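Single-structure report; data block below.
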Amino acid sequence: MEFQKKIFAFICLVTLCFSATAQDYSKALRGRVVDSDTKQPLEGVNVVILNMPKFTATTTDNNGQFSFEKLKAGRYSLKFSMVSYHDAALNNVSVTSGKETILNVEMTEKISGMQELVVTAERDKTRSNNEFAPISARFFSMEETKRFAATMNDPARMAQTFPGVISANDENNAIVVRGNSPRGILWRLEGVEIPNPNHFAGSEGASGGGVAMLSANMLGRTDFLSGAFPAEYGNALSGVMDMNFRKGNSAKHEFTLQVGILGAEAALEGPFSKKNNASYLVNYRYSTLELFALMGFKIGGDITPKYQDLSFNFSFPTKKIGTFSLFGLGGMSSLGTSLQKDTLKWQSIQDKSSDMQHYYMFTTGVTHLILPDVKTYIKTTLSFSYTNSGSNTDTFTTLLKPTTIFDESYKYYNARLAVAVNRKIDSKNLVRSGIYYTGTFYNLQNRDFSFLHHQLETRVQSKGNTHLLEAYWQWKHRFSETLSVTSGLHFTYFLLNKKAALEPRANIEWKPTFNHTVSAAVGLHNRTDAVSAYVSTVETVNGLQQSNKFLDMSKAAHAVLGYDFVFLKNFRLHAETYFQYLFKIPAGVDTNAWYATINQNDGFVNFPLMNKGKGMNYGLELTVEKFFSNNYFFLVTTSLFNSRYAGTDGVWRNTAYNGNYVLNVVGCKEFLLGKQKINIIGITAKVLYRGGMRITPINIAESKQQQQTVYDYKNAYGEKLPDYVRMDFGTYFRRNKKRWSWILSLDIQNVINRQNVAGKIYDPQKDEVRIIKNLGIVPVLSWKVEFGVKKKQLEK
C-alpha cells in the first residue's frame, strides 16, 4: 500500500510539471569559470552573450559562478574575458526548456610581460581537456554524439569517426587505433583505470562490447587520445578513453525518462542542499528486449539478451577541506544460444550446441579535490571494482545428452588509489606528478575439451593476488605565448613477475600565427596483459607449466608530427603523421612462430610465448572539419597507413588490422521550426569506406581431414577481406514545451543493409567454406523526456 502511494505521488508530480502554467519557454544558463592550470575559481570574469538582440552580460562571483535566467530555448554564443587571461568562448551552446544548461569553463593565464597573441575561440573546439596533451588528443561532449549518425550515445562508437580509428567488427564497439589491437586501450573514469565498461564484453582481456554501460546522461568531459600520450597515462599501448562524470544540477531537481531499442532508462539529478551546492546524479537502464520478454514477446530467439546498468555521481563541496565525490558504475549482461531440440533440423554444429555468456562489472570510488593554495590542487581517488565474466558451451548427442566442451570463469577484485598533485609555479611553468596503485585479487578457471583425450582439460586454475605500482612526473614550460614544451617520465612496476619499465615522454607546440599550430610528440609506452595470460598452463616439452608467467610488458615507441590550421572562422584542417615501433611483444615459438599478441582482440593462448615479437605502424591522417555553426557541421577524415609485425621466425607480415586506408564522411543539418524557432529537426549521415581486415587462409585439405576449421598459419594474415562499406543515417526531433521538452530520435546503422564480410570458417557438415558476415541494418529508435522540478514544488 505504501509503495502504491509513492507511485501515485510520483505520477501526480509528473503531471503537475507537464501542466505548468508558465507562459514562456525560458530556462537558466549557468556555469563556473576556473583557471585552467590550478582549477581555482575566477572572480570578476566578464561573460557576454554575443547573439542576443540586447546587450546581455554578467560577471562571475567569488566562486567563479555566473547565471543567465529565463533564456528562450535555442543556441547561444558566449565570450569570457578577464584582465591577464586569454579570452575564451563557447559557441552554439544549447538551451532547452526541459533542463538547465550548466557550463564548466577554463581560462588560461597570459604570460607576464609577453605581448598578447590573439587566439580565435574556434581554435580550441577540439583540443583535449588535458593541457599536457597538444597532439593526438581530442575532446568531445556527449551532447555532440546525437549529431553523429549511429553512435548510439556511445563514446567508443563516437571515437570511430576520428582519424586512425576503426571498429574491430559491427557487433561490438571495440576500436582499433592506428593498427593496434583493441586490447591496448586504457579506460579511465574520474582519474583511475576501470574495467571494460561495456555489456556483452566477450572473452578475457576484451576492451569492447555490444552496448556501452555508460549513459550519455552521465558523462561530462571526455578526452580520446590516439598516441604519444602525456606521462600521466600509463599501462596503455594504443589509445586512452579518459572520461569524467558530470555533476548534478545543484540548484534544481531534474528528471530524464527515456525508452528505446537499447533500453528503458531514468535519470535523476538535483541538489542535496542549496547551502553548499551538494548534488546528486543517478541513472538506471534496463534492457528493452528483456522487458518485452517479461511481457511474453520473444525477440531474437529463445534466449533474450539481458542487460541493466546503474551509474551515479554524488558531489559534496565543503568550505575548508575541498570537494568530495562518490561515483559508481555497474552493469550486468548475458546472452547465448539454445539447443535446437528437433534433431531432424540439425544442419550445423551450432544447432546441436548451447552457449551462454555473462559479464558483470561494478566500480565505485571516492574522489577528493582540494586547493590548498591559489597555485596548487591535489586530487585523490580511491576506488574498488569487481568483474565476473565467463561462458559455457555444451554439445548434445541425438539423445540430447550434453557434453561440456568449454567452461570459463574469471573473477577480479581491484582496489585502486590515484593521487595527483598539480602545481602552477608561475604563468610559464606547470608541474604535475602522481602515483597509481592497483591491488588485484583473482579467481580464474578455464577448461577446454580435448578431443584427443576425450575429457575436459584445465588451462587455468588459479587464485591469488598481485599488485601494479605506477608513478609519473610531467612539466610544461611556456617559453612564450607561441611556444611550449612538455616533458615527463612514467614508471611502472608489476609485482606478479617483478617486471619494471621507465617511460620518457615529451611534446612541443608552436604557434607561428594565431591560426596555425605545429606540434610534435615522442614517448615510450608499456602495457601489461590480463592476469590469466600469465597464470595459464601451457603445453611444453616438460608437460603443462605456467611458462608465460615471467613475460615482460609489451612496449611501443611513439612519434607524432601534427599541423593544425583554422580558417574562415569555423573551418579546420588538421594533419598528423605518425610512426610506432612495437617491441618485446609476446610471440609464439617453433610451430607457433607466426603468432604475436599484437593480432589478438581478447583471450589468451595455450602455448609458450617469448618477448621477441615486434611490429611497426606508420601512416598519415588528414581531417577537414566545419565546426557546428549556422545549424550544420561536417567532418571528413582519411587515413593512409601500414601495420606490420614479425613473430619469432623474423618474417614480416600484415597485422590482422592492416586495412591500409580509411575514409569517414560525417555531417549533420538542423532545421528550426515553430513561430519562435525553438523546435529542431536534425538529419545526420555517415559514410565509411575502409580496406578489408586481414585473415589467415583456411587449409581446405586439413579441414576436411580433421572435420573442423584448420588454418594455413604459414601464410598467417595473408588474405585480405573485401573492402568495407557502410552508410549510417539518423534523424531527431526536439520539441520544447513549457518547462519540459522531449526528443524523438532514430539511428540506423548500415542503412543500405550491406553485409560486409567478417571472416570465413569451414563447415564440415556441408563440406564447404562458409563466409561469416557482419551485421545488416540495425535501427535504434528512442524517445526521451526532460523536465525539472523546483525544490519547493518537490517538497509539496
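Labels used: A, B, ... for chains in the order of the C-alpha cells, numbers from 1 for residues in each chain, and numbers from 1 for ligands as shown.
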DSSP on the backbone: which residues in segment 458-660 of chain A end up as strand (DSSP E or B)? Give the answer as a VMD selection string. chain A and resid 458 to 478 483 to 494 499 to 513 516 to 527 538 to 540 543 to 545 554 to 567 571 to 588 596 609 to 629 632 to 646 652 to 654
Tell me which protein, DNA and RNA residues are within 8 Å of Leu635 of chain A, counting only C-alpha atoms, leaving out same-chain ones fewer than 4 positions away, and put them as a PDB file with C-alpha atoms, in the first residue's frame.
ATOM      1  CA  THR A 623      40.958  15.928 -41.186  1.00  0.00           C
ATOM      2  CA  VAL A 624      38.807  18.623 -42.767  1.00  0.00           C
ATOM      3  CA  GLU A 625      36.149  19.904 -40.417  1.00  0.00           C
ATOM      4  CA  LYS A 626      33.475  22.543 -40.350  1.00  0.00           C
ATOM      5  CA  ASN A 664      34.924   8.795 -42.982  1.00  0.00           C
ATOM      6  CA  VAL A 665      32.421  11.448 -44.056  1.00  0.00           C
ATOM      7  CA  VAL A 666      30.073  12.688 -41.331  1.00  0.00           C
ATOM      8  CA  GLY A 667      27.549  15.514 -41.389  1.00  0.00           C
TER       9      GLY A 667
END
List every residue of segment 232-299 of chain A that has an atom at most 12 Å from any atom of segment 739-759 of chain A, giving for each one its closest atom pair and the distance in Å to one decimal, counting only C-alpha atoms, sorted by chain and then by ascending residue number, as a Markdown table.
| residue | atom | partner | partner_atom | distance |
| --- | --- | --- | --- | --- |
| A:Glu254 | CA | A:Trp740 | CA | 9.9 |
| A:Phe255 | CA | A:Trp740 | CA | 9.7 |
| A:Thr256 | CA | A:Trp742 | CA | 9.4 |
| A:Leu257 | CA | A:Trp742 | CA | 9.3 |
| A:Gln258 | CA | A:Ile743 | CA | 9.3 |
| A:Val259 | CA | A:Leu744 | CA | 9.9 |
| A:Gly260 | CA | A:Ser745 | CA | 9.2 |
| A:Ile261 | CA | A:Leu746 | CA | 9.9 |
| A:Leu262 | CA | A:Asp747 | CA | 11.2 |
Residue contacts of segment 234-237 of chain A (10 Å, only C-alpha atoms) excluding same-chain residues fewer than 2 positions away, as JSON, numbers by chain: {"A": [177, 180, 181, 182, 183, 184, 185, 186, 187, 193, 226, 227, 228, 229, 230, 231, 232, 239, 240, 436, 468, 470, 471, 472, 490, 491, 492, 503, 524, 525, 526, 527, 528, 529, 553, 554, 555, 556, 557, 558, 580, 582]}
Same residues, C-alpha atoms, saved as an mmCIF file, in the first residue's frame:
data_model
loop_
_atom_site.group_PDB
_atom_site.id
_atom_site.type_symbol
_atom_site.label_atom_id
_atom_site.label_comp_id
_atom_site.auth_asym_id
_atom_site.auth_seq_id
_atom_site.Cartn_x
_atom_site.Cartn_y
_atom_site.Cartn_z
ATOM 1 C CA VAL A 177 43.689 2.697 -33.165
ATOM 2 C CA ASN A 180 46.879 -1.641 -32.827
ATOM 3 C CA SER A 181 44.875 -4.359 -31.128
ATOM 4 C CA PRO A 182 41.798 -3.154 -29.177
ATOM 5 C CA ARG A 183 43.252 -4.733 -26.040
ATOM 6 C CA GLY A 184 45.778 -1.857 -25.921
ATOM 7 C CA ILE A 185 43.051 0.655 -24.954
ATOM 8 C CA LEU A 186 43.026 2.186 -21.468
ATOM 9 C CA TRP A 187 39.623 3.095 -20.000
ATOM 10 C CA GLU A 193 41.629 2.910 -14.589
ATOM 11 C CA SER A 226 45.324 8.082 -30.019
ATOM 12 C CA GLY A 227 49.074 8.089 -29.404
ATOM 13 C CA ALA A 228 52.150 9.634 -27.737
ATOM 14 C CA PHE A 229 50.227 10.237 -24.512
ATOM 15 C CA PRO A 230 51.499 12.528 -21.734
ATOM 16 C CA ALA A 231 53.330 10.923 -18.830
ATOM 17 C CA GLU A 232 50.271 10.692 -16.568
ATOM 18 C CA GLY A 239 44.731 4.687 -27.027
ATOM 19 C CA VAL A 240 43.137 6.222 -23.950
ATOM 20 C CA TYR A 436 48.749 4.909 -9.056
ATOM 21 C CA LEU A 468 50.766 -2.825 -10.006
ATOM 22 C CA GLU A 470 52.917 3.436 -11.180
ATOM 23 C CA ALA A 471 54.351 6.914 -10.723
ATOM 24 C CA TYR A 472 54.732 9.872 -13.056
ATOM 25 C CA HIS A 490 56.251 7.360 -16.198
ATOM 26 C CA PHE A 491 57.381 4.391 -14.100
ATOM 27 C CA THR A 492 55.605 1.020 -13.875
ATOM 28 C CA GLU A 503 58.904 5.607 -19.984
ATOM 29 C CA LEU A 524 57.764 5.131 -24.758
ATOM 30 C CA HIS A 525 54.716 3.137 -23.640
ATOM 31 C CA ASN A 526 54.140 -0.231 -21.925
ATOM 32 C CA ARG A 527 51.157 -2.475 -21.255
ATOM 33 C CA THR A 528 50.646 -5.488 -19.019
ATOM 34 C CA ASP A 529 48.371 -8.294 -20.156
ATOM 35 C CA MET A 553 55.326 -5.935 -20.705
ATOM 36 C CA SER A 554 54.604 -5.192 -24.350
ATOM 37 C CA LYS A 555 56.371 -1.991 -25.409
ATOM 38 C CA ALA A 556 55.907 0.687 -28.065
ATOM 39 C CA ALA A 557 57.787 3.826 -29.056
ATOM 40 C CA HIS A 558 55.502 6.533 -30.493
ATOM 41 C CA GLN A 580 55.123 3.438 -33.897
ATOM 42 C CA LEU A 582 56.444 -2.115 -31.074
#
Just list the residues in segment 231-412 of chain A DSSP gives alpha helix (DSSP H) on the backbone, as a ChimeraX atom specification. /A:288-294
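One finds atom CA of Lys720 of chain A at 6.3 Å from atom CA of Ile695 of chain A.
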Any idea what's packed within 9 Å of segment 145-161 of chain A, counting only C-alpha atoms, ignoring anything in its chain fewer than 5 positions away? Could you give it as a PyMOL selection string? chain A and resi 140+166-167+173-177+208+211-216+222+224+241+262+633+635-637+664-669+682-686+688+728-732+745-750+779-780
Record the distance separating atom CA of Lys511 of chain A and atom CA of Gly164 of chain A, expressed in Å with one decimal.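 Interatomic distance here is 24.3 Å.
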Quote the spacing between atom CA of Tyr412 of chain A and atom CA of Tyr284 of chain A in Å to one decimal place. 23.8 Å
